[in-house]
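Enquirer: Handing you this structure, nothing more for now.
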Amino acid sequence: MRVFTILGPSQSGKSTLATALANLDSAAGKRQEVAGVAALQPFLFMGEDWAAIDIAGGADNLAQAGPALAASDAAVLCVPADAGAAVLSAPYLRKLEEAGIPAFIFVNRMDQATDRVAEIVAALQAYCSHNIILRQVPIREDGQVVGAVDLISERAWQYQEGKPSALIELPVAMYAREQEARTELLEALADFDDTLLEELIEDQKVMPEEVYDVATKVLQHNDLIPALMGSAEHKNGILRLMKSLRHEAPDVGVALERLSQDGKVMAVGCMADLVKHLGKTLMVRAMDGRVGNGLPVGGATLGSLTGVGSAAITSLTPGDMGQVVKSDHLNLGFAYGPDGAAPLPDWAQPRPSTFRRVITPVHERDDARLSGALERLAEIDPALVVGQDEASGHVLLNLQGPLHMRRIKQALKDEFGVEVEEGPVPPALRETIKKPVKVHHRHRKQSGGAGQFADVVIEVKPLPRGSGFVFDETVKGGAVPKNYIPSVEAGAREALAQGLNGHPVVDVCVTLKDGKHHSVDSSDYAFRTAGKNAVREALAEAGAVLLQPIMRVHIHVPSVFTGGLVPVVSGMKGQILGFEAEVGVAGWDVFETLLPMSAQDDLCNTLASATRGTGWFSTDFDHYEEARRTDFAEA
């Protein structure tokens, strides 16, 4: 079986393209979907089994592209016929180049195009390090695209509604344009083939068969990205794309080489879902060796296996795809050998999940079920990161964006019967002091039997930001025995765990300077209590200063949007550190800023709007700084 992934911006016609390709030769097989995420479309073309993995558009779904590309022989980037919309394809071009997978660009809806195809390709080229080469030029009549000329065979084809294109004579008016475009194509291919280069230099006639061979070699080596065109809705240009995939896309061995750098890879999962009454299902592709019922995969025996379209099978050979159930040890996002699993390469991993939400079950009875349900969802969704909010103790989710959150909530309700409410993450505030305070505290208690006695003199003073907590002692003459000093420190730590405003206290030094003890009534507990109470008194006298966490944020954004980030970040009280072109990525900048953690969720939403869903960011804690009263009001 040959496998390719179709990806591209929302509303570019990916699903229509997958359906049109699948119905070229015969009736398409049964489409298998993970709702709102991806779909697998099996079909037969010229006697060969094929499968197209259709990835839903939108920034929140880009995380699903990595596993699909890992299992694919090639990719098709479906883009709208609009030069102004080329930037929407920038994240997908970036993903394809990171994956190093052979890829075609299909300029869809050419019947609605107002821009020249050369302008569309030039706009795409701004976000692609590989040279994009036109394999076709359009034939226009009265401003409308009515056909295309293949630049390798030099044949002209006229589009027919719902049918394969008809072969026609090359229009005389197209000859000069066709020759110009073909020369550009041959010169681009000649950079990777010495024989073709020699023929061009000597002005020899180049035969189409030779050009097809060079084009195949160049695609399989991922040297160039060819661009074709048509309209999936009207079935125009579809056959040419499918034939190019059939003749030029490499076999499963090339995909295996991309994955098997660190060990043997038998299979890789490309789609996963949770199905009622069936459990976790994982669509896998066999990469090397036999994968079948009862055989070891990933360190355990494989469960039940069915073919694509629910065909009954017992094993897969390299290149074949099948759906695995009753194999809980297999999760999405991994490549599997016979004895274990390894995470997919970095290029196949999702972007940082920086949209954070706290969730709580609507019904208290579901509290225990929620953690188990999220664990199951994380097995089929590598972009879902589950944690715990330190301030509230509630479940903390890190996600790709609001649509991702909506999908998780729906899955919890539909698959597990757990309804949840979501909310913003409470700000992770801290407290500190600005002036040193010295306190004398005596703890004395007598209630029959052994009493409690501890007398301490402590000094609490501020430290530079980032110092944390320091404990020191300058006791002389054994006023406080050495064995009780750790208890005073433990009491101080306990007091600092929750300051006057309920937040941990940081960047302070507590020094035990003096004290007294009793030979009978003193104890570890007494000195711990004295230390805790003394520090609390000192904090009350010194007064609390609230601190907010500041994050160092790296925003990855197409350069056309970089200037627009300045007012966005400034409006969130961020400090702009600068921006520069991203190394090794065409058309992208990295915008660096310091931003309050409380603004992170706002950044997710605003960035999506400011960059038309193309930008993303990563964060690292940088430091704490004193917060203004207005900051607390907003928090």
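Residues are referred to by chain and number: the chain letter is A, B, ... according to the order shown in the structure tokens, the number counts from 1 in that chain, and ligands are numbered separately from 1 in the order shown.
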Write out as an MDAnalysis selection string the residues lying within 9 Å of A:Pro91, counting only C-alpha atoms and excluding same-chain residues fewer than 6 positions away.

Expert: chainID A and resid 8:9 59 62 127 558 614:615

Enquirer: I need the residues from that last selection saved to file as a PDB file, in the first residue's frame (with N, CA and C atoms), if you can.

Expert:
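Once written, out_33.pdb looks like this:
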```pdb
ATOM      1  N   GLY A   8      -3.019  21.290   4.776  1.00  0.00           N
ATOM      2  CA  GLY A   8      -3.114  22.648   4.269  1.00  0.00           C
ATOM      3  C   GLY A   8      -4.032  23.481   5.134  1.00  0.00           C
ATOM      4  N   PRO A   9      -4.165  24.770   4.817  1.00  0.00           N
ATOM      5  CA  PRO A   9      -5.005  25.655   5.626  1.00  0.00           C
ATOM      6  C   PRO A   9      -6.471  25.234   5.605  1.00  0.00           C
ATOM      7  N   ALA A  59      -4.676  25.697  13.274  1.00  0.00           N
ATOM      8  CA  ALA A  59      -3.453  25.583  14.067  1.00  0.00           C
ATOM      9  C   ALA A  59      -3.565  24.512  15.142  1.00  0.00           C
ATOM     10  N   LEU A  62      -2.591  20.988  13.792  1.00  0.00           N
ATOM     11  CA  LEU A  62      -1.293  20.745  13.166  1.00  0.00           C
ATOM     12  C   LEU A  62      -0.505  19.678  13.919  1.00  0.00           C
ATOM     13  N   TYR A 127       8.137  31.366   2.022  1.00  0.00           N
ATOM     14  CA  TYR A 127       8.107  30.586   3.261  1.00  0.00           C
ATOM     15  C   TYR A 127       8.663  29.176   3.067  1.00  0.00           C
ATOM     16  N   PRO A 558       5.449  34.248  10.999  1.00  0.00           N
ATOM     17  CA  PRO A 558       5.842  34.717   9.667  1.00  0.00           C
ATOM     18  C   PRO A 558       6.227  36.194   9.727  1.00  0.00           C
ATOM     19  N   THR A 614      -1.243  31.484  12.313  1.00  0.00           N
ATOM     20  CA  THR A 614       0.037  30.905  11.897  1.00  0.00           C
ATOM     21  C   THR A 614       1.103  30.935  12.986  1.00  0.00           C
ATOM     22  N   GLY A 615       1.013  31.884  13.920  1.00  0.00           N
ATOM     23  CA  GLY A 615       2.069  32.045  14.918  1.00  0.00           C
ATOM     24  C   GLY A 615       1.915  31.094  16.094  1.00  0.00           C
TER      25      GLY A 615
END
```

Enquirer: Env of A:Asp54: 7 Å cut, atoms = only C-alpha atoms, seq-sep filter 4 positions within chain, self excluded. Answer as a PyMOL selection string.

Expert: chain A and resi 5-7+14-15+18+38-40

Enquirer: Would you write out those residues with all heavy atoms, as a PDB file, in the first residue's frame?

Expert:
```pdb
ATOM      1  N   THR A   5      -0.071  11.977   2.831  1.00  0.00           N
ATOM      2  CA  THR A   5      -0.832  12.869   3.702  1.00  0.00           C
ATOM      3  C   THR A   5      -1.209  14.127   2.939  1.00  0.00           C
ATOM      4  O   THR A   5      -0.383  14.703   2.228  1.00  0.00           O
ATOM      5  CB  THR A   5      -0.008  13.248   4.948  1.00  0.00           C
ATOM      6  OG1 THR A   5       0.201  12.078   5.745  1.00  0.00           O
ATOM      7  CG2 THR A   5      -0.728  14.292   5.791  1.00  0.00           C
ATOM      8  N   ILE A   6      -2.465  14.527   3.081  1.00  0.00           N
ATOM      9  CA  ILE A   6      -2.934  15.801   2.523  1.00  0.00           C
ATOM     10  C   ILE A   6      -3.103  16.781   3.673  1.00  0.00           C
ATOM     11  O   ILE A   6      -3.800  16.491   4.643  1.00  0.00           O
ATOM     12  CB  ILE A   6      -4.265  15.635   1.781  1.00  0.00           C
ATOM     13  CG1 ILE A   6      -4.140  14.611   0.644  1.00  0.00           C
ATOM     14  CG2 ILE A   6      -4.752  16.969   1.233  1.00  0.00           C
ATOM     15  CD1 ILE A   6      -5.442  14.329  -0.076  1.00  0.00           C
ATOM     16  N   LEU A   7      -2.450  17.922   3.581  1.00  0.00           N
ATOM     17  CA  LEU A   7      -2.584  18.929   4.626  1.00  0.00           C
ATOM     18  C   LEU A   7      -2.601  20.313   3.999  1.00  0.00           C
ATOM     19  O   LEU A   7      -2.251  20.484   2.829  1.00  0.00           O
ATOM     20  CB  LEU A   7      -1.475  18.804   5.669  1.00  0.00           C
ATOM     21  CG  LEU A   7      -0.031  19.128   5.303  1.00  0.00           C
ATOM     22  CD1 LEU A   7       0.820  19.183   6.563  1.00  0.00           C
ATOM     23  CD2 LEU A   7       0.564  18.082   4.367  1.00  0.00           C
ATOM     24  N   LYS A  14      -9.133  20.304   1.177  1.00  0.00           N
ATOM     25  CA  LYS A  14      -8.373  19.055   1.374  1.00  0.00           C
ATOM     26  C   LYS A  14      -9.265  17.818   1.285  1.00  0.00           C
ATOM     27  O   LYS A  14      -8.922  16.847   0.613  1.00  0.00           O
ATOM     28  CB  LYS A  14      -7.667  19.095   2.740  1.00  0.00           C
ATOM     29  CG  LYS A  14      -6.653  20.211   2.880  1.00  0.00           C
ATOM     30  CD  LYS A  14      -6.008  20.219   4.239  1.00  0.00           C
ATOM     31  CE  LYS A  14      -6.988  20.480   5.344  1.00  0.00           C
ATOM     32  NZ  LYS A  14      -7.643  21.803   5.246  1.00  0.00           N
ATOM     33  N   SER A  15     -10.398  17.851   1.986  1.00  0.00           N
ATOM     34  CA  SER A  15     -11.282  16.676   1.975  1.00  0.00           C
ATOM     35  C   SER A  15     -11.865  16.439   0.592  1.00  0.00           C
ATOM     36  O   SER A  15     -12.005  15.289   0.149  1.00  0.00           O
ATOM     37  CB  SER A  15     -12.407  16.858   3.006  1.00  0.00           C
ATOM     38  OG  SER A  15     -11.879  16.932   4.313  1.00  0.00           O
ATOM     39  N   ALA A  18      -9.149  14.755  -1.388  1.00  0.00           N
ATOM     40  CA  ALA A  18      -9.001  13.341  -1.028  1.00  0.00           C
ATOM     41  C   ALA A  18     -10.108  12.507  -1.669  1.00  0.00           C
ATOM     42  O   ALA A  18      -9.850  11.410  -2.199  1.00  0.00           O
ATOM     43  CB  ALA A  18      -9.020  13.180   0.493  1.00  0.00           C
ATOM     44  N   ALA A  38      -8.710  14.157  11.776  1.00  0.00           N
ATOM     45  CA  ALA A  38      -8.098  13.542  10.601  1.00  0.00           C
ATOM     46  C   ALA A  38      -9.015  12.450  10.067  1.00  0.00           C
ATOM     47  O   ALA A  38      -9.945  12.003  10.751  1.00  0.00           O
ATOM     48  CB  ALA A  38      -6.726  12.961  10.948  1.00  0.00           C
ATOM     49  N   ALA A  39      -8.754  12.031   8.844  1.00  0.00           N
ATOM     50  CA  ALA A  39      -9.503  10.942   8.233  1.00  0.00           C
ATOM     51  C   ALA A  39      -8.573  10.139   7.339  1.00  0.00           C
ATOM     52  O   ALA A  39      -7.621  10.685   6.752  1.00  0.00           O
ATOM     53  CB  ALA A  39     -10.678  11.471   7.425  1.00  0.00           C
ATOM     54  N   LEU A  40      -8.826   8.858   7.240  1.00  0.00           N
ATOM     55  CA  LEU A  40      -8.063   7.968   6.366  1.00  0.00           C
ATOM     56  C   LEU A  40      -8.971   7.501   5.244  1.00  0.00           C
ATOM     57  O   LEU A  40     -10.040   6.940   5.480  1.00  0.00           O
ATOM     58  CB  LEU A  40      -7.530   6.770   7.152  1.00  0.00           C
ATOM     59  CG  LEU A  40      -6.705   5.784   6.319  1.00  0.00           C
ATOM     60  CD1 LEU A  40      -5.283   6.298   6.167  1.00  0.00           C
ATOM     61  CD2 LEU A  40      -6.689   4.400   6.946  1.00  0.00           C
TER      62      LEU A  40
END
```

Enquirer: So, counting only C-alpha atoms, which residue among A:Gly393, A:Ile313, A:Phe104, A:Leu196 is closest to A:Ala249?

Expert: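 The answer is A:Phe104, which sits nearest to A:Ala249.
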
Enquirer: Pull the alpha helix (DSSP H) assignments for stretch 46-170 of chain A out of DSSP run on the backbone, and list those residues as JSON, numbers by chain.

Expert: {"A": [65, 66, 67, 68, 69, 70, 90, 91, 92, 93, 94, 95, 96, 97, 98, 99, 117, 118, 119, 120, 121, 122, 123, 124, 125]}

Enquirer: Produce a table with one row for each residue of stretch 418-464 of chain A that has an atom at most 12 Å from any atom of stretch 503-516 of chain A, each row naming the nearest atom pair and its distance in Å at one decimal; use only C-alpha atoms; arrange rows by chain and rising residue number; format as a tab-separated table.

Expert:
```
residue	atom	partner	partner_atom	distance
A:Pro426	CA	A:His503	CA	11.6
A:Pro427	CA	A:His503	CA	10.3
A:Ala428	CA	A:His503	CA	8.2
A:Leu429	CA	A:His503	CA	6.2
A:Arg430	CA	A:His503	CA	5.2
A:Glu431	CA	A:Val505	CA	4.5
A:Thr432	CA	A:Val505	CA	5.3
A:Ile433	CA	A:Val508	CA	7.4
A:Lys434	CA	A:Val508	CA	9.4
A:Lys435	CA	A:Val508	CA	10.1
A:Pro436	CA	A:Cys509	CA	9.3
A:Val437	CA	A:Val510	CA	9.8
A:Lys438	CA	A:Thr511	CA	9.3
A:Val439	CA	A:Lys513	CA	9.9
A:His440	CA	A:Gly515	CA	8.3
A:His441	CA	A:Gly515	CA	8.8
A:Arg442	CA	A:Gly515	CA	8.7
A:His443	CA	A:Lys516	CA	10.4
A:Arg444	CA	A:Lys516	CA	11.5
A:Phe453	CA	A:Lys516	CA	8.7
A:Ala454	CA	A:Lys516	CA	6.4
A:Asp455	CA	A:Lys516	CA	4.8
A:Val456	CA	A:Gly515	CA	4.1
A:Val457	CA	A:Asp514	CA	4.9
A:Ile458	CA	A:Leu512	CA	4.5
A:Glu459	CA	A:Thr511	CA	5.1
A:Val460	CA	A:Val510	CA	4.6
A:Lys461	CA	A:Cys509	CA	5.4
A:Pro462	CA	A:Val508	CA	4.5
A:Leu463	CA	A:Asp507	CA	4.9
A:Pro464	CA	A:Asp507	CA	6.3
```

Enquirer: Please produce a file of the residues just selected, as a PDB file, in the first residue's frame, where the atoms kept are C-alpha atoms.

Expert:
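File written: result-v4.pdb
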```pdb
ATOM      1  CA  PRO A 426      -4.828  31.246  38.873  1.00  0.00           C
ATOM      2  CA  PRO A 427      -1.724  33.447  38.832  1.00  0.00           C
ATOM      3  CA  ALA A 428       1.258  31.775  40.497  1.00  0.00           C
ATOM      4  CA  LEU A 429       2.018  34.704  42.790  1.00  0.00           C
ATOM      5  CA  ARG A 430       4.721  34.860  45.439  1.00  0.00           C
ATOM      6  CA  GLU A 431       5.383  37.164  48.397  1.00  0.00           C
ATOM      7  CA  THR A 432       8.499  38.751  49.809  1.00  0.00           C
ATOM      8  CA  ILE A 433       9.534  41.586  52.146  1.00  0.00           C
ATOM      9  CA  LYS A 434      11.403  44.823  51.611  1.00  0.00           C
ATOM     10  CA  LYS A 435      12.914  45.516  55.038  1.00  0.00           C
ATOM     11  CA  PRO A 436      14.680  43.439  57.704  1.00  0.00           C
ATOM     12  CA  VAL A 437      12.822  42.653  60.926  1.00  0.00           C
ATOM     13  CA  LYS A 438      14.096  41.220  64.202  1.00  0.00           C
ATOM     14  CA  VAL A 439      11.648  39.279  66.412  1.00  0.00           C
ATOM     15  CA  HIS A 440      11.901  37.693  69.847  1.00  0.00           C
ATOM     16  CA  HIS A 441       9.343  34.926  70.377  1.00  0.00           C
ATOM     17  CA  ARG A 442       8.888  32.609  73.351  1.00  0.00           C
ATOM     18  CA  HIS A 443       6.760  29.490  73.070  1.00  0.00           C
ATOM     19  CA  ARG A 444       5.623  28.207  76.484  1.00  0.00           C
ATOM     20  CA  PHE A 453       9.373  25.621  76.039  1.00  0.00           C
ATOM     21  CA  ALA A 454      11.379  27.316  73.271  1.00  0.00           C
ATOM     22  CA  ASP A 455      12.749  30.820  73.095  1.00  0.00           C
ATOM     23  CA  VAL A 456      14.134  32.201  69.828  1.00  0.00           C
ATOM     24  CA  VAL A 457      15.437  35.483  68.477  1.00  0.00           C
ATOM     25  CA  ILE A 458      15.333  35.603  64.686  1.00  0.00           C
ATOM     26  CA  GLU A 459      16.019  38.136  61.989  1.00  0.00           C
ATOM     27  CA  VAL A 460      14.190  38.012  58.659  1.00  0.00           C
ATOM     28  CA  LYS A 461      15.696  40.092  55.867  1.00  0.00           C
ATOM     29  CA  PRO A 462      15.100  40.389  52.108  1.00  0.00           C
ATOM     30  CA  LEU A 463      17.413  38.839  49.515  1.00  0.00           C
ATOM     31  CA  PRO A 464      17.979  39.618  45.822  1.00  0.00           C
TER      32      PRO A 464
END
```

Enquirer: As an mmCIF file with all heavy atoms, in the first residue's frame, please: the residues near stretch 92-96 of chain A (cut-off 7 Å, only C-alpha atoms, same-chain neighbours under 3 positions excluded).

Expert:
```
data_model
loop_
_atom_site.group_PDB
_atom_site.id
_atom_site.type_symbol
_atom_site.label_atom_id
_atom_site.label_comp_id
_atom_site.auth_asym_id
_atom_site.auth_seq_id
_atom_site.Cartn_x
_atom_site.Cartn_y
_atom_site.Cartn_z
ATOM 1 N N GLY A 8 -3.019 21.290 4.776
ATOM 2 C CA GLY A 8 -3.114 22.648 4.269
ATOM 3 C C GLY A 8 -4.032 23.481 5.134
ATOM 4 O O GLY A 8 -4.641 22.989 6.099
ATOM 5 N N SER A 89 -0.316 29.074 4.460
ATOM 6 C CA SER A 89 0.339 27.791 4.209
ATOM 7 C C SER A 89 1.720 27.716 4.842
ATOM 8 O O SER A 89 2.345 26.652 4.819
ATOM 9 C CB SER A 89 0.459 27.556 2.698
ATOM 10 O OG SER A 89 -0.806 27.554 2.075
ATOM 11 N N ALA A 99 10.121 17.740 8.263
ATOM 12 C CA ALA A 99 9.979 16.287 8.127
ATOM 13 C C ALA A 99 10.913 15.712 7.067
ATOM 14 O O ALA A 99 11.258 14.530 7.112
ATOM 15 C CB ALA A 99 8.534 15.941 7.791
ATOM 16 N N GLY A 100 11.315 16.545 6.097
ATOM 17 C CA GLY A 100 12.153 16.034 5.013
ATOM 18 C C GLY A 100 11.435 15.049 4.131
ATOM 19 O O GLY A 100 12.053 14.156 3.534
ATOM 20 N N ILE A 101 10.122 15.196 3.993
ATOM 21 C CA ILE A 101 9.320 14.243 3.225
ATOM 22 C C ILE A 101 9.103 14.766 1.806
ATOM 23 O O ILE A 101 8.897 15.963 1.604
ATOM 24 C CB ILE A 101 7.971 13.999 3.931
ATOM 25 C CG1 ILE A 101 7.182 12.873 3.250
ATOM 26 C CG2 ILE A 101 7.133 15.274 3.995
ATOM 27 C CD1 ILE A 101 5.951 12.447 4.035
ATOM 28 N N TYR A 127 8.137 31.366 2.022
ATOM 29 C CA TYR A 127 8.107 30.586 3.261
ATOM 30 C C TYR A 127 8.663 29.176 3.067
ATOM 31 O O TYR A 127 8.369 28.290 3.863
ATOM 32 C CB TYR A 127 6.672 30.511 3.788
ATOM 33 C CG TYR A 127 6.056 31.873 3.962
ATOM 34 C CD1 TYR A 127 5.138 32.372 3.037
ATOM 35 C CD2 TYR A 127 6.430 32.692 5.018
ATOM 36 C CE1 TYR A 127 4.595 33.635 3.175
ATOM 37 C CE2 TYR A 127 5.902 33.963 5.158
ATOM 38 C CZ TYR A 127 4.987 34.431 4.235
ATOM 39 O OH TYR A 127 4.462 35.683 4.381
ATOM 40 N N CYS A 128 9.467 29.002 2.042
ATOM 41 C CA CYS A 128 9.974 27.662 1.729
ATOM 42 C C CYS A 128 11.444 27.740 1.346
ATOM 43 O O CYS A 128 11.817 28.495 0.432
ATOM 44 C CB CYS A 128 9.154 27.044 0.591
ATOM 45 S SG CYS A 128 9.544 25.325 0.246
#
```

Enquirer: Atom CA of A:Lys235 and atom CA of A:Lys163 are how many Å apart?

Expert: 6.4 Å

Enquirer: Calculated over only C-alpha atoms, which of the candidates A:His247, A:Arg351, A:Arg407, A:Arg285 has the smallest distance to A:Thr317?

Expert: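 Once distances to A:Thr317 are computed over only C-alpha atoms, the minimum belongs to A:Arg285.
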
Enquirer: Would you mind listing what lies within 8 Å of stretch 260-276 of chain A as a ChimeraX atom specification, with only C-alpha atoms counted and same-chain residues fewer than 5 positions away left out?

Expert: /A:34,38,64,67-71,281-291,297,331-338,377,380-381,415

Enquirer: Counting only C-alpha atoms, figure out which residue out of A:Val420, A:Ala341, A:Ala148, A:Val395 gets nearest to A:Pro361.

Expert: A:Val420

Enquirer: Give me the residues near A:Arg536 as number ranges by chain, where near means some atom within 8 Å (using only C-alpha atoms) and where sequence neighbours in that chain fewer than 5 positions away do not count.

Expert: A: 495-496, 499

Enquirer: Produce a file of the selected residues containing C-alpha atoms, as an mmCIF file, in the first residue's frame.

Expert:
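What ended up in selection_8.cif:
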```
data_model
loop_
_atom_site.group_PDB
_atom_site.id
_atom_site.type_symbol
_atom_site.label_atom_id
_atom_site.label_comp_id
_atom_site.auth_asym_id
_atom_site.auth_seq_id
_atom_site.Cartn_x
_atom_site.Cartn_y
_atom_site.Cartn_z
ATOM 1 C CA ALA A 495 5.672 29.681 57.941
ATOM 2 C CA LEU A 496 7.050 30.770 54.571
ATOM 3 C CA GLY A 499 2.484 34.291 53.572
#
```

Enquirer: Closest to A:Ser487 among A:Asp524, A:Glu390, A:Asp472, A:Glu592, using only C-alpha atoms?

Expert: A:Asp524

Enquirer: Kindly indicate which residue among A:Leu170, A:Met242, A:Leu259, A:Val545 lies nearest to A:Ala627, using only C-alpha atoms for the distances.

Expert: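 Selected residue with least distance to A:Ala627: A:Val545.
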
Enquirer: Suppose you want the space between atom CA of A:Leu88 and atom CA of A:Ala383; what is it in Å?

Expert: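 One can read the atom CA of A:Leu88 to atom CA of A:Ala383 distance as 21.2 Å.
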
Enquirer: Would you mind telling me which residue in A:Pro596, A:Pro138, A:Gly451, A:Gly571 lies nearest to A:Leu547 when using only C-alpha atoms?

Expert: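 Ranked by minimum distance to A:Leu547, first place goes to A:Pro596.
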